[in-house]
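Let me begin by presenting the structure, written as structure tokens, before commenting on it.
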Amino acid sequence: MEQSEKFKLAVETEEELRSIMGFPSELVKNKVITYLDHHCSDFISKSPFLVISTSDSSGFCDVSPRGDSPGFVLVLDEKRLMIPERPGNKRMDSMRNILSNPRVGLVFFIPGLGETLRINGKATLVKDDELLEQMAVKGRKPLLGIGVEVEECFIHCAKAFKRSGLWEPSSWINQDTLPSVAKILFEHAKLPNTSAETIAERLQESYTQRLY
């Protein structure tokens with residue numbers, strides 16, 4: 001693959017950025033709090049899905065989804081929450097990053113609500129059985145949890161959801177035209193003695209038998 005060209009006419013200073021994009025309103029500047037108040041806790045209790053952003057010590061980034069029944073994230077107090085680490089693909093990108101750089105960003109979603117809750121803080125990989133037991137599902141506790149010490153919390157506006165129509169079924173594309181994940185994995189991984197069909201079977205088995 002040929003090396004791609006760099007982007008031209010790049011913005012290189014915050015001063016130039018501000019001259020183009022402007023400044024936040026007083027509401028936006030003052031909406032950040034440094035702890036989980038009852039509004040944040042309530043939002044988290046109703047959220048079945050979040051994304052977590054991490055980076056390693058060299059700055060290489062990752063964003064990863066986490067999801068379960070509403071309230072799957074455990075709020076311990078005004079400064080701490082914990083995310084259960086359910087069975088996955090064992091890449092452990094987020095957790096490996098946390099070991100070298102604890103800074104994380106979270107975005108919590110509630111289906112049908114355009115606004116999201118953003119939380120920034122420092123993460124720790126937790127193996128405390130007493131806490132992990134509180135997040136057990138079907139008798140299976142997570143092997144680890146991602147504990148987050150909260151530093152910033154704020155509500156993010158709904159404009160992205162309004163523009164995308166994400167929660168509007170009428171905007172969703174036809175099921176028959178969705179990408180074939182099994183085919184994508186087959187062509188990307190190029191594993192011998194396999195096919196898109198066998199990968200599809202493996203995915204289905206994982207989704208039905210190994211969620212917890």
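Letters for chains follow the order of the structure tokens (A, B, ...), residue numbers begin at 1 for each chain, and ligand numbers begin at 1 in the order shown.
The neighbours of Thr34 (chain A) here are the residues that come within 6 Å of it, using only C-alpha atoms and leaving out any residue fewer than 5 positions away in the same chain; they are Glu151, Glu152 and Cys153 of chain A.
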Do you know which residues are at most 6 Å from Phe109 (chain A) counting only C-alpha atoms, after dropping those on the same chain fewer than 4 positions away, and could you put them as a compact mmCIF listing (two decimals) with N, CA, C and O atoms, in the first residue's frame?
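Result saved to out_38.txt:
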# COMPACT_ATOMS: atom_id res chain seq x y z
N SER A 47 -28.24 3.74 32.01
CA SER A 47 -27.44 3.56 30.80
C SER A 47 -27.02 2.10 30.61
O SER A 47 -26.38 1.52 31.49
N PHE A 49 -25.07 1.24 27.97
CA PHE A 49 -23.97 1.24 27.00
C PHE A 49 -23.07 2.45 27.22
O PHE A 49 -23.54 3.55 27.51
N LEU A 50 -21.76 2.22 27.08
CA LEU A 50 -20.78 3.30 27.14
C LEU A 50 -19.63 2.99 26.21
O LEU A 50 -19.46 1.85 25.77
N THR A 116 -25.68 12.88 26.05
CA THR A 116 -24.86 11.84 26.65
C THR A 116 -24.15 12.40 27.88
O THR A 116 -24.07 13.62 28.06
Of the listed residues A:His188, A:Lys141, A:Arg66, A:His156, that which approaches Leu113 (chain A) most closely, counting only C-alpha atoms: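 Answer, going by the shortest atom-to-atom distance: A:His156.
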Residue with smallest distance to Arg140 (chain A) - pool A:Leu17, A:Ile52, A:Leu211, A:Leu178, counting only C-alpha atoms: A:Leu211
Residues flagged strand (DSSP E) by DSSP in region 61-182 of chain A, as a count of residues only: 48
Exercise: Ala160 (chain A) partners within 10 Å, only C-alpha atoms, chain neighbours under 6 positions left out, as a compact mmCIF listing (two decimals) with N, CA, C and O atoms, in the first residue's frame:
# COMPACT_ATOMS: atom_id res chain seq x y z
N GLY A 114 -30.88 11.93 23.27
CA GLY A 114 -29.81 12.48 22.45
C GLY A 114 -28.61 12.95 23.25
O GLY A 114 -27.47 12.85 22.79
N GLU A 115 -28.84 13.46 24.45
CA GLU A 115 -27.73 13.91 25.29
C GLU A 115 -26.97 12.71 25.87
O GLU A 115 -27.56 11.66 26.16
N LEU A 166 -29.72 8.80 14.78
CA LEU A 166 -29.33 7.49 15.29
C LEU A 166 -30.47 6.73 15.96
O LEU A 166 -30.59 5.51 15.81
Per residue of region 133-203 of chain A within 12 Å of region 96-105 of chain A, record the nearest atom pair and its distance in Å to one decimal, counting only C-alpha atoms, with rows in chain order and ascending residue number, as a tab-separated table.
residue	atom	partner	partner_atom	distance
A:Gly145	CA	A:Ile98	CA	11.9
A:Ile146	CA	A:Ile98	CA	9.0
A:Gly147	CA	A:Pro102	CA	10.2
A:Val148	CA	A:Val104	CA	8.0
A:Glu149	CA	A:Val104	CA	9.6
A:Val150	CA	A:Val104	CA	9.7
A:Glu151	CA	A:Arg103	CA	10.1
A:Glu152	CA	A:Gly105	CA	9.3
A:Cys153	CA	A:Gly105	CA	10.0
A:Phe154	CA	A:Gly105	CA	11.6
Mind writing the picked residues with N, CA and C atoms as a CSV table (one decimal), in the first residue's frame?
chain,number,residue,atom,x,y,z
A,145,GLY,N,-12.5,-5.6,37.1
A,145,GLY,CA,-13.3,-4.4,36.9
A,145,GLY,C,-12.4,-3.3,36.5
A,146,ILE,N,-12.9,-2.3,35.8
A,146,ILE,CA,-12.2,-1.0,35.6
A,146,ILE,C,-12.7,0.0,36.5
A,147,GLY,N,-11.9,0.3,37.5
A,147,GLY,CA,-12.3,1.3,38.5
A,147,GLY,C,-11.9,2.7,38.0
A,148,VAL,N,-12.8,3.7,38.1
A,148,VAL,CA,-12.5,5.0,37.6
A,148,VAL,C,-12.6,6.0,38.7
A,149,GLU,N,-11.6,6.8,39.0
A,149,GLU,CA,-11.6,7.9,39.9
A,149,GLU,C,-12.0,9.2,39.1
A,150,VAL,N,-13.2,9.7,39.4
A,150,VAL,CA,-13.8,10.7,38.6
A,150,VAL,C,-13.1,12.1,38.8
A,151,GLU,N,-12.8,12.8,37.7
A,151,GLU,CA,-12.2,14.1,37.8
A,151,GLU,C,-13.1,15.2,37.1
A,152,GLU,N,-13.9,14.7,36.0
A,152,GLU,CA,-14.8,15.7,35.3
A,152,GLU,C,-16.0,14.9,34.9
A,153,CYS,N,-17.2,15.6,35.1
A,153,CYS,CA,-18.5,15.1,34.6
A,153,CYS,C,-19.2,16.2,33.9
A,154,PHE,N,-19.8,15.9,32.7
A,154,PHE,CA,-20.7,16.9,32.1
A,154,PHE,C,-21.5,16.3,31.0
Residues of region 44-194 of chain A in alpha helix (DSSP H), written as number ranges by chain: A: 44-45, 93-100, 129-133, 159-164, 181-189
Pairwise distance for CA of Ala189 (chain A) and CA of Glu85 (chain A), rounded to one decimal in Å: 25.1 Å
Å distance separating CA of Leu117 (chain A) from CA of Ile155 (chain A), one decimal place: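 Going from CA of Leu117 (chain A) over to CA of Ile155 (chain A) covers 4.7 Å.
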Surrounding residues of Ala182 (chain A) excluding itself and chain neighbours under 5 positions, 9 Å, only C-alpha atoms, as a PyMOL selection string: chain A and resi 187+195-201+203
Next, the residues of the selection above should be written as a compact mmCIF listing (two decimals), in the first residue's frame with all heavy atoms.
# COMPACT_ATOMS: atom_id res chain seq x y z
N GLU A 187 -11.80 -11.69 5.29
CA GLU A 187 -10.88 -11.07 4.34
C GLU A 187 -9.76 -10.31 5.03
O GLU A 187 -8.65 -10.20 4.48
CB GLU A 187 -11.66 -10.15 3.40
CG GLU A 187 -12.64 -10.93 2.51
CD GLU A 187 -13.27 -10.08 1.43
OE1 GLU A 187 -12.92 -8.89 1.31
OE2 GLU A 187 -14.12 -10.62 0.69
N SER A 195 -13.54 -19.97 6.52
CA SER A 195 -14.38 -19.30 5.53
C SER A 195 -15.25 -18.29 6.25
O SER A 195 -15.34 -18.27 7.49
CB SER A 195 -15.27 -20.32 4.81
OG SER A 195 -16.20 -20.89 5.72
N ALA A 196 -15.92 -17.44 5.48
CA ALA A 196 -16.85 -16.48 6.09
C ALA A 196 -17.95 -17.20 6.83
O ALA A 196 -18.41 -16.75 7.88
CB ALA A 196 -17.43 -15.56 5.01
N GLU A 197 -18.36 -18.35 6.31
CA GLU A 197 -19.43 -19.12 6.95
C GLU A 197 -19.00 -19.66 8.31
O GLU A 197 -19.76 -19.60 9.29
CB GLU A 197 -19.88 -20.27 6.04
CG GLU A 197 -20.63 -19.84 4.79
CD GLU A 197 -19.72 -19.21 3.73
OE1 GLU A 197 -18.49 -19.44 3.77
OE2 GLU A 197 -20.26 -18.47 2.88
N THR A 198 -17.78 -20.21 8.39
CA THR A 198 -17.33 -20.75 9.68
C THR A 198 -17.10 -19.63 10.70
O THR A 198 -17.34 -19.81 11.89
CB THR A 198 -16.03 -21.56 9.51
OG1 THR A 198 -15.01 -20.73 8.95
CG2 THR A 198 -16.26 -22.76 8.61
N ILE A 199 -16.66 -18.48 10.23
CA ILE A 199 -16.49 -17.33 11.14
C ILE A 199 -17.85 -16.88 11.65
O ILE A 199 -18.01 -16.56 12.83
CB ILE A 199 -15.74 -16.19 10.43
CG1 ILE A 199 -14.28 -16.58 10.20
CG2 ILE A 199 -15.83 -14.90 11.26
CD1 ILE A 199 -13.48 -15.57 9.42
N ALA A 200 -18.85 -16.86 10.77
CA ALA A 200 -20.21 -16.49 11.19
C ALA A 200 -20.71 -17.44 12.26
O ALA A 200 -21.36 -17.02 13.24
CB ALA A 200 -21.15 -16.49 9.99
N GLU A 201 -20.42 -18.72 12.13
CA GLU A 201 -20.84 -19.71 13.12
C GLU A 201 -20.13 -19.46 14.45
O GLU A 201 -20.74 -19.57 15.52
CB GLU A 201 -20.53 -21.12 12.61
CG GLU A 201 -21.40 -21.54 11.43
CD GLU A 201 -20.93 -22.85 10.82
OE1 GLU A 201 -19.93 -23.43 11.32
OE2 GLU A 201 -21.56 -23.30 9.83
N LEU A 203 -18.98 -16.59 15.55
CA LEU A 203 -19.55 -15.39 16.14
C LEU A 203 -20.89 -15.69 16.80
O LEU A 203 -21.15 -15.24 17.93
CB LEU A 203 -19.74 -14.32 15.06
CG LEU A 203 -18.47 -13.65 14.51
CD1 LEU A 203 -18.83 -12.74 13.34
CD2 LEU A 203 -17.75 -12.85 15.60
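Among A:Lys127, A:Ile20, A:Val181, A:Val107, the residue with the shortest atom-to-atom distance to Gln204 (chain A), counting only C-alpha atoms, is A:Val181.
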Within 9 Å of Glu78 (chain A) using only C-alpha atoms, minus same-chain residues under 3 positions, as a ChimeraX atom specification: /A:34-38,41,75,81,150
Output the selection as a PDB file, in the first residue's frame - all heavy atoms for each residue.
ATOM      1  N   THR A  34     -16.964  18.030  39.230  1.00  0.00           N
ATOM      2  CA  THR A  34     -15.828  17.146  39.497  1.00  0.00           C
ATOM      3  C   THR A  34     -16.202  15.917  40.316  1.00  0.00           C
ATOM      4  O   THR A  34     -15.333  15.234  40.848  1.00  0.00           O
ATOM      5  CB  THR A  34     -14.725  17.917  40.243  1.00  0.00           C
ATOM      6  OG1 THR A  34     -15.263  18.416  41.485  1.00  0.00           O
ATOM      7  CG2 THR A  34     -14.214  19.077  39.406  1.00  0.00           C
ATOM      8  N   TYR A  35     -17.475  15.613  40.396  1.00  0.00           N
ATOM      9  CA  TYR A  35     -17.934  14.472  41.194  1.00  0.00           C
ATOM     10  C   TYR A  35     -19.248  13.965  40.612  1.00  0.00           C
ATOM     11  O   TYR A  35     -19.890  14.623  39.790  1.00  0.00           O
ATOM     12  CB  TYR A  35     -18.128  14.889  42.649  1.00  0.00           C
ATOM     13  CG  TYR A  35     -19.187  15.961  42.823  1.00  0.00           C
ATOM     14  CD1 TYR A  35     -20.497  15.636  43.162  1.00  0.00           C
ATOM     15  CD2 TYR A  35     -18.878  17.311  42.612  1.00  0.00           C
ATOM     16  CE1 TYR A  35     -21.466  16.617  43.289  1.00  0.00           C
ATOM     17  CE2 TYR A  35     -19.839  18.291  42.733  1.00  0.00           C
ATOM     18  CZ  TYR A  35     -21.133  17.941  43.082  1.00  0.00           C
ATOM     19  OH  TYR A  35     -22.100  18.917  43.195  1.00  0.00           O
ATOM     20  N   LEU A  36     -19.654  12.781  41.048  1.00  0.00           N
ATOM     21  CA  LEU A  36     -20.905  12.186  40.595  1.00  0.00           C
ATOM     22  C   LEU A  36     -22.033  12.632  41.517  1.00  0.00           C
ATOM     23  O   LEU A  36     -22.201  12.091  42.608  1.00  0.00           O
ATOM     24  CB  LEU A  36     -20.794  10.655  40.608  1.00  0.00           C
ATOM     25  CG  LEU A  36     -19.725  10.033  39.699  1.00  0.00           C
ATOM     26  CD1 LEU A  36     -19.569   8.545  39.999  1.00  0.00           C
ATOM     27  CD2 LEU A  36     -20.073  10.247  38.236  1.00  0.00           C
ATOM     28  N   ASP A  37     -22.804  13.622  41.073  1.00  0.00           N
ATOM     29  CA  ASP A  37     -23.958  14.030  41.873  1.00  0.00           C
ATOM     30  C   ASP A  37     -25.128  13.087  41.580  1.00  0.00           C
ATOM     31  O   ASP A  37     -24.982  12.100  40.843  1.00  0.00           O
ATOM     32  CB  ASP A  37     -24.315  15.488  41.613  1.00  0.00           C
ATOM     33  CG  ASP A  37     -24.876  15.737  40.217  1.00  0.00           C
ATOM     34  OD1 ASP A  37     -24.893  14.793  39.383  1.00  0.00           O
ATOM     35  OD2 ASP A  37     -25.305  16.876  39.951  1.00  0.00           O
ATOM     36  N   HIS A  38     -26.305  13.358  42.134  1.00  0.00           N
ATOM     37  CA  HIS A  38     -27.419  12.439  41.967  1.00  0.00           C
ATOM     38  C   HIS A  38     -27.902  12.393  40.517  1.00  0.00           C
ATOM     39  O   HIS A  38     -28.425  11.362  40.073  1.00  0.00           O
ATOM     40  CB  HIS A  38     -28.567  12.804  42.910  1.00  0.00           C
ATOM     41  CG  HIS A  38     -29.246  14.103  42.598  1.00  0.00           C
ATOM     42  ND1 HIS A  38     -28.689  15.328  42.916  1.00  0.00           N
ATOM     43  CD2 HIS A  38     -30.431  14.379  41.984  1.00  0.00           C
ATOM     44  CE1 HIS A  38     -29.507  16.290  42.512  1.00  0.00           C
ATOM     45  NE2 HIS A  38     -30.567  15.747  41.951  1.00  0.00           N
ATOM     46  N   SER A  41     -25.412   9.976  38.781  1.00  0.00           N
ATOM     47  CA  SER A  41     -25.673   8.607  39.236  1.00  0.00           C
ATOM     48  C   SER A  41     -26.948   8.054  38.617  1.00  0.00           C
ATOM     49  O   SER A  41     -27.021   6.879  38.229  1.00  0.00           O
ATOM     50  CB  SER A  41     -25.765   8.563  40.762  1.00  0.00           C
ATOM     51  OG  SER A  41     -24.529   8.906  41.349  1.00  0.00           O
ATOM     52  N   VAL A  75     -21.753   2.464  40.723  1.00  0.00           N
ATOM     53  CA  VAL A  75     -21.335   3.736  41.322  1.00  0.00           C
ATOM     54  C   VAL A  75     -21.062   3.482  42.798  1.00  0.00           C
ATOM     55  O   VAL A  75     -21.962   3.119  43.557  1.00  0.00           O
ATOM     56  CB  VAL A  75     -22.418   4.817  41.145  1.00  0.00           C
ATOM     57  CG1 VAL A  75     -22.009   6.094  41.885  1.00  0.00           C
ATOM     58  CG2 VAL A  75     -22.642   5.113  39.667  1.00  0.00           C
ATOM     59  N   LEU A  81     -16.449   4.960  40.320  1.00  0.00           N
ATOM     60  CA  LEU A  81     -17.360   4.015  39.682  1.00  0.00           C
ATOM     61  C   LEU A  81     -16.542   2.831  39.177  1.00  0.00           C
ATOM     62  O   LEU A  81     -15.312   2.897  39.092  1.00  0.00           O
ATOM     63  CB  LEU A  81     -18.139   4.689  38.540  1.00  0.00           C
ATOM     64  CG  LEU A  81     -17.360   5.312  37.379  1.00  0.00           C
ATOM     65  CD1 LEU A  81     -16.934   4.266  36.341  1.00  0.00           C
ATOM     66  CD2 LEU A  81     -18.199   6.378  36.700  1.00  0.00           C
ATOM     67  N   VAL A 150     -13.216   9.687  39.402  1.00  0.00           N
ATOM     68  CA  VAL A 150     -13.826  10.741  38.584  1.00  0.00           C
ATOM     69  C   VAL A 150     -13.130  12.087  38.802  1.00  0.00           C
ATOM     70  O   VAL A 150     -12.890  12.503  39.937  1.00  0.00           O
ATOM     71  CB  VAL A 150     -15.322  10.855  38.920  1.00  0.00           C
ATOM     72  CG1 VAL A 150     -15.953  12.036  38.205  1.00  0.00           C
ATOM     73  CG2 VAL A 150     -16.036   9.553  38.575  1.00  0.00           C
TER      74      VAL A 150
END
Near-Val126 (chain A) list (9 Å; only C-alpha atoms; drop same-chain fewer than 2 positions) as a list in words: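 In the requested format, the answer is Met82, Thr124, Asp128, Asp129, Leu131, Leu132, Leu144, Gly145, Ile146 and Gly147 of chain A.
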Atom-to-atom span, CA of Gly71 (chain A) and CA of Lys159 (chain A), Å: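 Computing the Euclidean distance for CA of Gly71 (chain A) and CA of Lys159 (chain A) yields 24.9 Å.
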Nearest-residue call for Phe108 (chain A), choices A:Lys190, A:Lys46, A:Arg163, A:Arg202, using only C-alpha atoms: A:Lys46
